[in-house]
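What's in work-v3.txt: compact mmCIF, C-alpha atoms
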# COMPACT_ATOMS: atom_id res chain seq x y z
CA MET P 15 3.68 15.10 18.85
CA LYS P 16 2.25 16.23 15.51
CA SER P 17 3.88 16.53 12.11
CA THR P 18 3.14 17.82 8.62
CA ILE P 19 4.57 16.30 5.44
CA VAL P 20 5.01 18.58 2.42
CA THR P 21 5.98 17.29 -1.02
CA ILE P 22 7.09 19.93 -3.52
CA GLY P 23 6.97 19.64 -7.30
CA ASP P 24 4.73 20.61 -10.20
CA GLU P 25 5.25 17.07 -11.53
CA ILE P 26 3.26 15.73 -8.57
CA LEU P 27 0.40 18.17 -9.03
CA ILE P 28 -0.07 17.38 -12.73
CA GLY P 29 0.03 13.64 -12.05
CA GLN P 30 3.29 13.04 -13.90
CA ILE P 31 4.75 11.16 -10.94
CA LEU P 32 3.19 9.42 -7.95
CA ASP P 33 4.00 10.76 -4.48
CA THR P 34 5.39 7.71 -2.70
CA ASN P 35 7.54 9.80 -0.35
CA SER P 36 4.64 10.85 1.89
CA ARG P 37 3.59 7.27 2.48
CA TYR P 38 7.09 6.17 3.48
CA ILE P 39 7.64 9.15 5.76
CA SER P 40 4.23 8.66 7.42
CA GLN P 41 5.04 5.05 8.23
CA ALA P 42 8.48 6.00 9.58
CA LEU P 43 7.07 8.75 11.80
CA ASN P 44 4.30 6.54 13.14
CA ARG P 45 6.85 3.93 14.16
CA ILE P 46 8.54 6.40 16.52
CA GLY P 47 5.33 7.89 17.91
CA VAL P 48 4.85 10.98 15.72
CA VAL P 49 1.29 11.68 14.56
CA VAL P 50 0.95 12.90 10.97
CA ALA P 51 -1.61 15.71 11.10
CA GLU P 52 -1.46 16.61 7.41
CA ARG P 53 0.10 15.60 4.12
CA THR P 54 0.10 18.12 1.32
CA SER P 55 1.62 18.60 -2.13
CA ILE P 56 2.45 22.02 -3.54
CA GLY P 57 4.07 23.44 -6.67
CA ASP P 58 7.53 24.90 -7.18
CA SER P 59 6.52 28.30 -5.86
CA ALA P 60 8.27 30.32 -3.16
CA GLU P 61 4.96 31.87 -2.10
CA GLN P 62 3.37 28.43 -1.70
CA ILE P 63 6.33 27.11 0.26
CA VAL P 64 6.22 30.06 2.67
CA SER P 65 2.44 29.98 3.21
CA THR P 66 2.48 26.20 3.65
CA LEU P 67 5.31 26.42 6.17
CA ASP P 68 3.44 29.08 8.13
CA ARG P 69 0.35 26.88 8.34
CA ALA P 70 2.32 23.71 9.09
CA LEU P 71 4.35 25.26 11.91
CA ALA P 72 1.17 26.65 13.45
CA GLN P 73 -0.24 23.15 13.88
CA SER P 74 2.77 20.82 14.02
CA ASP P 75 5.99 20.31 15.95
CA ILE P 76 7.75 18.68 13.00
CA VAL P 77 7.60 19.53 9.29
CA ILE P 78 9.19 17.19 6.74
CA ILE P 79 9.64 18.62 3.23
CA THR P 80 10.77 16.70 0.15
CA GLY P 81 11.61 18.00 -3.30
CA GLY P 82 13.03 21.06 -4.98
CA LEU P 83 16.68 20.55 -4.02
CA GLY P 84 18.15 19.87 -7.46
CA PRO P 85 20.75 22.03 -9.22
CA THR P 86 18.44 23.67 -11.78
CA LYS P 87 16.58 26.99 -11.62
CA ASP P 88 13.20 25.43 -10.91
CA ASP P 89 14.56 23.89 -7.68
CA ILE P 90 13.92 26.74 -5.25
CA THR P 91 13.31 25.00 -1.90
CA LYS P 92 16.78 25.64 -0.45
CA HIS P 93 16.77 29.33 -1.37
CA THR P 94 13.26 29.82 -0.01
CA LEU P 95 14.08 28.11 3.29
CA SER P 96 17.21 30.20 3.67
CA ARG P 97 15.17 33.41 3.36
CA TYR P 98 12.39 32.01 5.57
CA PHE P 99 14.82 31.44 8.44
CA ASN P 100 16.61 34.78 7.84
CA SER P 101 19.82 33.01 6.88
CA GLU P 102 22.32 33.04 4.03
CA LEU P 103 23.71 30.33 1.78
CA ILE P 104 27.28 29.27 2.49
CA TYR P 105 29.55 26.75 0.78
CA ASN P 106 29.92 23.49 2.71
CA GLU P 107 33.34 21.97 1.90
CA GLN P 108 32.36 18.48 3.06
CA VAL P 109 29.31 18.41 0.79
CA GLY P 110 31.26 19.92 -2.10
CA ASN P 111 34.06 17.36 -1.87
CA PHE P 112 31.60 14.48 -1.68
CA VAL P 113 29.60 15.71 -4.68
CA GLU P 114 32.76 16.15 -6.73
CA GLN P 115 33.94 12.61 -5.90
CA LEU P 116 30.50 11.15 -6.55
CA LEU P 117 30.22 12.79 -9.96
CA SER P 118 33.78 11.83 -10.84
CA ARG P 119 32.99 8.15 -10.24
CA ARG P 120 30.03 8.53 -12.58
CA GLY P 121 32.12 10.27 -15.23
CA ILE P 122 30.27 13.59 -14.83
CA ALA P 123 32.02 16.95 -14.76
CA PHE P 124 31.86 19.02 -11.56
CA THR P 125 30.25 22.14 -13.03
CA GLU P 126 29.22 25.37 -11.35
CA LEU P 127 25.65 24.05 -11.19
CA ASN P 128 26.78 20.93 -9.35
CA ARG P 129 28.99 23.04 -7.10
CA GLY P 130 25.83 24.87 -6.11
CA GLN P 131 24.56 21.71 -4.43
CA ALA P 132 27.08 22.40 -1.65
CA MET P 133 25.56 25.81 -0.94
CA VAL P 134 23.41 25.38 2.19
CA PRO P 135 21.68 27.75 4.64
CA LYS P 136 24.12 28.81 7.36
CA CYS P 137 21.55 28.13 10.09
CA CYS P 138 20.87 24.47 9.19
CA THR P 139 22.41 21.20 10.26
CA VAL P 140 23.51 19.36 7.12
CA LEU P 141 22.35 15.77 6.75
CA HIS P 142 24.78 13.69 4.69
CA ASN P 143 23.21 12.23 1.55
CA ALA P 144 25.38 9.23 0.69
CA HIS P 145 23.35 8.45 -2.44
CA GLY P 146 22.97 11.79 -4.22
CA THR P 147 24.22 15.33 -4.65
CA ALA P 148 21.59 17.20 -2.59
CA PRO P 149 22.16 17.07 1.18
CA GLY P 150 19.32 17.02 3.65
CA MET P 151 18.85 20.02 5.94
CA TRP P 152 17.66 20.20 9.55
CA PHE P 153 16.32 23.50 10.91
CA GLU P 154 15.26 24.31 14.46
CA HIS P 155 12.81 27.15 14.97
CA GLU P 156 11.11 28.16 18.24
CA GLY P 157 11.24 24.61 19.60
CA LYS P 158 10.06 23.07 16.35
CA VAL P 159 11.94 21.15 13.64
CA VAL P 160 11.80 21.55 9.88
CA VAL P 161 13.60 18.97 7.74
CA SER P 162 14.18 19.38 4.00
CA LEU P 163 15.04 16.28 1.97
CA PRO P 164 15.64 15.49 -1.72
CA GLY P 165 12.59 14.25 -3.59
CA VAL P 166 14.37 11.28 -5.20
CA PRO P 167 12.69 8.39 -3.32
CA PHE P 168 15.69 6.15 -2.63
CA GLU P 169 17.75 9.14 -1.44
CA MET P 170 14.89 10.27 0.81
CA VAL P 171 14.49 6.75 2.26
CA HIS P 172 18.14 6.53 3.32
CA LEU P 173 18.07 9.99 4.87
CA ILE P 174 14.86 9.25 6.79
CA ASP P 175 16.19 5.93 8.11
CA ASP P 176 19.80 6.88 8.73
CA SER P 177 19.46 10.48 9.96
CA VAL P 178 16.00 11.95 10.44
CA VAL P 179 14.30 9.23 12.49
CA PRO P 180 17.22 8.76 14.93
CA MET P 181 17.59 12.52 15.34
CA LEU P 182 13.88 13.06 15.98
CA ALA P 183 13.81 10.24 18.53
CA GLU P 184 16.72 11.87 20.33
CA HIS P 185 15.42 15.44 20.05
CA PHE P 186 11.87 14.87 21.31
CA GLU P 187 10.38 12.78 24.12
CA LEU P 188 8.06 10.57 22.09
CA LYS P 189 5.33 8.19 23.14
CA ALA P 190 4.22 5.23 21.06
CA ILE P 191 1.60 4.99 18.32
CA VAL P 192 0.15 1.49 18.02
CA HIS P 193 -1.80 0.18 15.04
CA ARG P 194 -3.10 -3.34 14.56
CA THR P 195 -5.25 -4.54 11.69
CA MET P 196 -7.66 -7.47 11.47
CA ILE P 197 -8.48 -8.77 8.00
CA THR P 198 -12.08 -9.83 7.36
CA SER P 199 -13.58 -11.24 4.20
CA GLY P 200 -16.96 -12.34 2.93
CA ILE P 201 -19.06 -9.69 4.71
CA PRO P 202 -19.76 -6.34 2.98
CA GLU P 203 -18.65 -3.25 4.90
CA SER P 204 -22.16 -2.00 5.73
CA ILE P 205 -23.31 -5.38 7.05
CA LEU P 206 -20.06 -5.86 8.94
CA ALA P 207 -20.55 -2.47 10.61
CA GLU P 208 -24.03 -3.53 11.76
CA ARG P 209 -22.78 -6.83 13.14
CA ILE P 210 -20.02 -5.27 15.21
CA ALA P 211 -21.84 -2.04 16.16
CA SER P 212 -22.22 -2.93 19.85
CA TRP P 213 -18.56 -3.93 20.05
CA GLU P 214 -17.52 -0.70 18.34
CA ASP P 215 -19.68 1.43 20.67
CA SER P 216 -18.07 -0.14 23.75
CA LEU P 217 -14.44 0.36 22.65
CA PRO P 218 -12.24 2.17 25.19
CA GLU P 219 -11.82 5.88 24.41
CA VAL P 220 -8.12 5.47 23.77
CA LEU P 221 -8.80 3.18 20.77
CA HIS P 222 -9.85 4.43 17.36
CA LEU P 223 -11.45 2.12 14.76
CA ALA P 224 -11.09 2.53 10.99
CA TYR P 225 -12.78 0.50 8.23
CA LEU P 226 -10.51 -0.13 5.22
CA PRO P 227 -12.56 -1.79 2.44
CA ALA P 228 -11.12 -3.49 -0.66
CA PRO P 229 -12.62 -6.05 -3.07
CA ASN P 230 -14.17 -8.78 -0.88
CA VAL P 231 -12.00 -7.68 2.05
CA VAL P 232 -12.56 -5.22 4.89
CA ARG P 233 -9.65 -4.44 7.18
CA LEU P 234 -10.45 -3.28 10.70
CA ARG P 235 -7.67 -1.14 12.13
CA LEU P 236 -7.50 -0.27 15.81
CA SER P 237 -5.15 2.58 16.68
CA ALA P 238 -3.92 4.13 19.92
CA TYR P 239 -1.98 7.39 19.79
CA GLU P 240 0.78 8.57 22.15
CA VAL P 241 0.38 5.74 24.62
CA GLU P 242 2.45 3.23 26.55
CA GLU P 243 3.20 0.67 23.87
CA GLN P 244 2.85 -2.69 25.61
CA SER P 245 -0.36 -1.86 27.45
CA ALA P 246 -1.91 -0.51 24.25
CA LYS P 247 -0.98 -3.67 22.34
CA ALA P 248 -2.54 -5.82 25.06
CA LEU P 249 -5.71 -3.73 25.01
CA ILE P 250 -6.04 -4.01 21.22
CA ASP P 251 -5.47 -7.76 21.34
CA SER P 252 -8.20 -8.16 23.96
CA GLU P 253 -10.67 -6.19 21.86
CA PHE P 254 -9.90 -8.16 18.70
CA GLU P 255 -10.32 -11.36 20.66
CA LYS P 256 -13.95 -10.37 21.28
CA LEU P 257 -14.55 -10.29 17.53
CA ARG P 258 -13.67 -13.99 17.30
CA TYR P 259 -17.05 -14.65 18.96
CA ILE P 260 -18.98 -12.07 16.92
CA ILE P 261 -17.70 -12.68 13.35
CA PRO P 262 -15.68 -15.91 13.56
CA GLU P 263 -16.41 -16.90 9.96
CA ALA P 264 -15.11 -13.60 8.55
CA ILE P 265 -11.67 -13.34 10.17
CA VAL P 266 -8.87 -14.42 7.83
CA GLY P 267 -5.77 -12.88 9.38
CA PHE P 268 -4.00 -9.82 10.70
CA GLU P 269 -1.92 -6.89 9.51
CA ASN P 270 -1.12 -6.70 5.78
CA ALA P 271 -1.57 -10.35 4.78
CA THR P 272 -3.74 -10.82 1.70
CA VAL P 273 -6.06 -13.75 1.16
CA GLU P 274 -3.82 -14.99 -1.66
CA GLU P 275 -0.85 -14.94 0.76
CA LEU P 276 -2.84 -17.09 3.19
CA VAL P 277 -3.65 -19.54 0.37
CA HIS P 278 0.02 -19.46 -0.69
CA ARG P 279 1.09 -20.34 2.84
CA TRP P 280 -1.50 -23.10 3.21
CA MET P 281 -0.61 -24.72 -0.12
CA THR P 282 3.09 -24.63 0.72
CA GLU P 283 2.71 -25.99 4.24
CA ASN P 284 0.32 -28.77 3.20
CA GLY P 285 2.08 -29.85 0.01
CA LYS P 286 -0.99 -29.28 -2.21
CA THR P 287 -1.11 -27.91 -5.74
CA LEU P 288 -3.21 -25.36 -7.63
CA SER P 289 -4.17 -24.59 -11.22
CA VAL P 290 -6.25 -21.70 -12.56
CA ALA P 291 -8.47 -21.27 -15.64
CA GLU P 292 -9.53 -17.71 -16.43
CA SER P 293 -11.68 -16.02 -18.99
CA CYS P 294 -12.91 -12.58 -17.84
CA THR P 295 -10.11 -12.11 -15.29
CA GLY P 296 -7.50 -12.55 -18.01
CA GLY P 297 -4.71 -14.06 -15.92
CA ASN P 298 -5.13 -11.74 -12.95
CA ILE P 299 -5.72 -14.60 -10.51
CA ALA P 300 -2.64 -16.49 -11.69
CA SER P 301 -0.52 -13.36 -11.42
CA LYS P 302 -1.54 -12.89 -7.77
CA PHE P 303 0.03 -16.24 -6.93
CA THR P 304 3.03 -16.26 -9.26
CA ALA P 305 4.06 -12.81 -8.00
CA MET P 306 4.92 -14.44 -4.66
CA ALA P 307 8.29 -16.08 -4.17
CA GLY P 308 7.94 -19.82 -3.73
CA ALA P 309 4.80 -20.19 -5.83
CA SER P 310 6.53 -22.81 -7.97
CA ALA P 311 6.17 -25.24 -5.06
CA TYR P 312 2.42 -25.49 -5.66
CA PHE P 313 1.28 -23.50 -8.71
CA GLN P 314 0.92 -25.94 -11.59
CA ALA P 315 -0.78 -24.17 -14.50
CA GLY P 316 -2.64 -21.05 -15.52
CA VAL P 317 -4.83 -21.00 -18.64
CA VAL P 318 -6.46 -17.87 -20.07
CA SER P 319 -9.17 -19.48 -22.21
CA TYR P 320 -10.78 -16.38 -23.63
CA SER P 321 -12.42 -17.93 -26.67
CA ASN P 322 -15.00 -20.69 -26.68
CA GLU P 323 -12.67 -22.78 -28.83
CA ALA P 324 -9.89 -22.48 -26.23
CA LYS P 325 -12.33 -23.57 -23.54
CA ARG P 326 -13.16 -26.60 -25.64
CA ASP P 327 -9.74 -27.54 -27.01
CA ILE P 328 -7.58 -26.86 -23.93
CA LEU P 329 -9.95 -27.45 -21.03
CA GLY P 330 -12.35 -29.93 -22.55
CA VAL P 331 -15.49 -27.83 -22.07
CA ASN P 332 -18.44 -29.31 -23.97
CA MET P 333 -19.28 -27.02 -26.91
CA ASP P 334 -22.93 -28.10 -26.81
CA ASP P 335 -23.11 -26.78 -23.24
CA ILE P 336 -21.57 -23.49 -24.31
CA VAL P 337 -24.19 -23.15 -27.06
CA ARG P 338 -27.03 -24.17 -24.79
CA TYR P 339 -26.14 -22.31 -21.58
CA GLY P 340 -23.66 -19.70 -22.78
CA ALA P 341 -19.97 -19.30 -21.98
CA VAL P 342 -20.95 -17.38 -18.85
CA SER P 343 -22.76 -20.14 -17.00
CA GLU P 344 -22.46 -22.47 -14.05
CA THR P 345 -21.84 -25.57 -16.10
CA VAL P 346 -19.06 -23.93 -18.15
CA ALA P 347 -17.34 -22.58 -15.02
CA ILE P 348 -17.43 -26.04 -13.44
CA GLN P 349 -16.04 -27.70 -16.56
CA MET P 350 -13.29 -25.08 -16.80
CA ALA P 351 -12.23 -25.73 -13.20
CA GLU P 352 -12.25 -29.50 -13.65
CA GLY P 353 -10.47 -29.17 -16.99
CA VAL P 354 -7.59 -27.08 -15.70
CA LYS P 355 -7.31 -29.29 -12.63
CA ARG P 356 -6.86 -32.22 -14.98
CA VAL P 357 -4.44 -30.37 -17.29
CA GLY P 358 -2.35 -29.15 -14.38
CA GLN P 359 -2.67 -32.43 -12.45
CA SER P 360 -3.37 -30.37 -9.36
CA ASP P 361 -5.28 -30.89 -6.12
CA TYR P 362 -7.25 -27.65 -6.40
CA ALA P 363 -8.42 -25.41 -9.22
CA ILE P 364 -10.16 -22.07 -9.75
CA ALA P 365 -12.10 -20.94 -12.83
CA THR P 366 -13.78 -17.69 -13.83
CA THR P 367 -16.04 -16.86 -16.75
CA GLY P 368 -17.95 -13.62 -17.00
CA ILE P 369 -18.67 -10.30 -18.70
CA ALA P 370 -16.09 -7.66 -17.79
CA GLY P 371 -17.55 -5.00 -20.08
CA PRO P 372 -18.03 -2.33 -21.09
CA THR P 373 -19.91 -4.20 -23.84
CA GLY P 374 -21.22 -7.74 -24.10
CA GLY P 375 -23.88 -7.60 -21.41
CA SER P 376 -27.56 -8.41 -21.78
CA GLU P 377 -30.71 -8.10 -19.70
CA LEU P 378 -30.25 -11.62 -18.34
CA LYS P 379 -26.47 -11.37 -18.03
CA PRO P 380 -25.48 -7.73 -17.50
CA VAL P 381 -21.91 -6.47 -17.37
CA GLY P 382 -20.33 -7.66 -14.14
CA THR P 383 -21.92 -11.12 -14.22
CA VAL P 384 -19.26 -13.67 -13.27
CA TRP P 385 -19.48 -17.39 -12.57
CA ILE P 386 -16.69 -18.65 -10.33
CA ALA P 387 -15.93 -22.33 -9.80
CA VAL P 388 -13.62 -24.10 -7.38
CA SER P 389 -12.62 -27.73 -7.74
CA THR P 390 -11.32 -29.53 -4.65
CA PRO P 391 -10.58 -33.17 -3.76
CA LYS P 392 -14.13 -33.29 -2.36
CA GLY P 393 -15.89 -31.98 -5.46
CA THR P 394 -16.53 -29.00 -7.71
CA PHE P 395 -19.07 -26.23 -7.28
CA ALA P 396 -19.73 -22.75 -8.63
CA THR P 397 -21.19 -19.47 -7.42
CA LEU P 398 -22.61 -16.48 -9.27
CA LYS P 399 -21.35 -12.97 -8.45
CA ASN P 400 -22.18 -9.51 -9.73
CA CYS P 401 -18.87 -7.68 -9.74
CA GLY P 402 -19.89 -4.14 -10.72
CA THR P 403 -19.98 -2.18 -13.96
CA ASP P 404 -16.44 -0.88 -14.54
CA ARG P 405 -14.11 -3.30 -16.36
CA GLY P 406 -11.23 -2.90 -13.92
CA GLN P 407 -13.58 -3.20 -10.97
CA VAL P 408 -15.12 -6.39 -12.38
CA ILE P 409 -11.71 -8.00 -12.85
CA ASP P 410 -10.50 -7.01 -9.37
CA ARG P 411 -13.68 -8.10 -7.61
CA ALA P 412 -13.97 -11.38 -9.49
CA THR P 413 -10.34 -12.13 -8.66
CA ALA P 414 -10.91 -11.41 -4.97
CA TYR P 415 -14.13 -13.46 -4.85
CA ALA P 416 -12.45 -16.41 -6.55
CA ILE P 417 -9.44 -16.51 -4.26
CA LYS P 418 -11.64 -16.15 -1.18
CA LEU P 419 -13.89 -18.97 -2.39
CA LEU P 420 -10.85 -21.22 -2.66
CA TYR P 421 -9.59 -20.10 0.77
CA ASP P 422 -12.95 -20.95 2.36
CA ASN P 423 -12.68 -24.50 1.04
CA LEU P 424 -9.11 -25.34 2.01
Since I need it in another form, could you write the structure as structure tokens?
Amino acid sequence: MKSTIVTIGDEILIGQILDTNSRYISQALNRIGVVVAERTSIGDSAEQIVSTLDRALAQSDIVIITGGLGPTKDDITKHTLSRYFNSELIYNEQVGNFVEQLLSRRGIAFTELNRGQAMVPKCCTVLHNAHGTAPGMWFEHEGKVVVSLPGVPFEMVHLIDDSVVPMLAEHFELKAIVHRTMITSGIPESILAERIASWEDSLPEVLHLAYLPAPNVVRLRLSAYEVEEQSAKALIDSEFEKLRYIIPEAIVGFENATVEELVHRWMTENGKTLSVAESCTGGNIASKFTAMAGASAYFQAGVVSYSNEAKRDILGVNMDDIVRYGAVSETVAIQMAEGVKRVGQSDYAIATTGIAGPTGGSELKPVGTVWIAVSTPKGTFATLKNCGTDRGQVIDRATAYAIKLLYDNL
């Protein structure tokens, strides 16, 4: 069972807003066994809506549209769909009464524009929008389904969960789609692909492998489409089990867990504590941990010691070593880690010092050079990483390397 998702709005095309609707709808459809064949964004144009619908209905059984259902003149989706399905707009008393009551509670007058929200195509099934003025609309056409939803994300979410998904599951005979993801770290994507090539080549035809790289992490997703759910899950588990013998050192978890979440869990379960000293990463490492609920159980201190003086005065880094070896050096990284571990009175500590760019690099220490240190109850050590050339990339990669280095030593 295939579907197409269409988001409508010039504001999406010019980058004024981010299309989060497509992602949510894709996940919801996958959960009930509907394959998303295409996701596309178009402008507020009747011609574009019609041509996109023609193409979508030629390849898909289900088309989900969001956007263009507001009360103003640029919201043309409802009118276009009415013409497309050779219908007419009629006033829906139930929608009208609800909109009037909703606006009254908000202290907004029920104007002719707002009254227009209750005008819906005669041929559609109205989907009650309990959180806004624009109802959803369900059309059936030659055995296929077209659903039009408001573009406001929280309104769309409720309509998808409360109406669209249950109705699709009832309307069509759907088989399962199964995804499972293994998280690996410490092996670059190209090398990982070489190491598991034989395993990949011998995968059953029903399974599809995808590589999903991120800084210092590669997720391996196995998918099976339109299958019997339990047997597919068992097959995926058996294939992932084989990887435990091929790349045992690289596997850190499954599904959407991040390395920092695994550290968070370990620290919490083992009653250990953590402090962080950062220079080039500017607090990014600390924010990864403190963003998680419960971090106060183990996170002791975070110090952004950007200047040499801060490294000396707060963390106790020897200024002579900074002069002799440079702020971006193994000895400074080690002293930063030990210093923040002492300041925070913690069991573990991370430190980063590097050149994020775009300036400040040299022939010996180009932009992207980062020293990372980890201090544990068994000792302190540092490693040198080249984290790229773009400032944001350097910060993200150095953060990922640092957290993974700590994880490897827990």
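For the pair atom CA of Cys137 of chain P and atom CA of Ser59 of chain P, the separation is 21.9 Å.
Proximity of P:Ile417, P:Ala224, P:Val49, P:Ala72 to Ile191 of chain P, computed with only C-alpha atoms, is greatest for P:Val49.
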Requested in this report: Excluding Ala228 of chain P and any residue of its chain fewer than 4 positions from it, enumerate the residues within 10 Å of it, using only C-alpha atoms, and give them as a list in words.
Outcome: Ser199, Pro202, Glu203, Val232, Arg233, Asp410, Arg411 and Ala414 of chain P
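Nearest residue to Ser252 of chain P, choosing from P:Arg129, P:Lys87, P:His278, P:Arg194 and counting all atoms listed in the file: P:Arg194.
Compared by their closest atoms to Ala51 of chain P, and using all atoms listed in the file, the residues P:Val408, P:Lys16, P:Leu127, P:Ser212 rank with P:Lys16 nearest.
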Query - Polymer residues at most 12 Å from Ile336 of chain P, only C-alpha atoms, same-chain spacing of 6 or more positions, as a PyMOL selection string - result: chain P and resi 321-326+330+342-350+367
Query raised in the report: Could you pull the residues within 12 Å of segment 184-188 of chain P, counting all atoms listed in the file, minus those fewer than 5 positions along the same chain, as a PyMOL selection string?
Result: chain P and resi 15-16+43-49+75-76+152+154+157-159+177-179+239-243
Restrict the selected residues to C-alpha atoms and save them as a CSV table (one decimal), keeping the file's coordinate frame.
chain,number,residue,atom,x,y,z
P,15,MET,CA,3.7,15.1,18.8
P,16,LYS,CA,2.2,16.2,15.5
P,43,LEU,CA,7.1,8.8,11.8
P,44,ASN,CA,4.3,6.5,13.1
P,45,ARG,CA,6.8,3.9,14.2
P,46,ILE,CA,8.5,6.4,16.5
P,47,GLY,CA,5.3,7.9,17.9
P,48,VAL,CA,4.8,11.0,15.7
P,49,VAL,CA,1.3,11.7,14.6
P,75,ASP,CA,6.0,20.3,16.0
P,76,ILE,CA,7.8,18.7,13.0
P,152,TRP,CA,17.7,20.2,9.6
P,154,GLU,CA,15.3,24.3,14.5
P,157,GLY,CA,11.2,24.6,19.6
P,158,LYS,CA,10.1,23.1,16.4
P,159,VAL,CA,11.9,21.2,13.6
P,177,SER,CA,19.5,10.5,10.0
P,178,VAL,CA,16.0,12.0,10.4
P,179,VAL,CA,14.3,9.2,12.5
P,239,TYR,CA,-2.0,7.4,19.8
P,240,GLU,CA,0.8,8.6,22.2
P,241,VAL,CA,0.4,5.7,24.6
P,242,GLU,CA,2.4,3.2,26.6
P,243,GLU,CA,3.2,0.7,23.9
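Here atom CA of Ile205 of chain P and atom CA of Thr394 of chain P stand 28.7 Å from one another.
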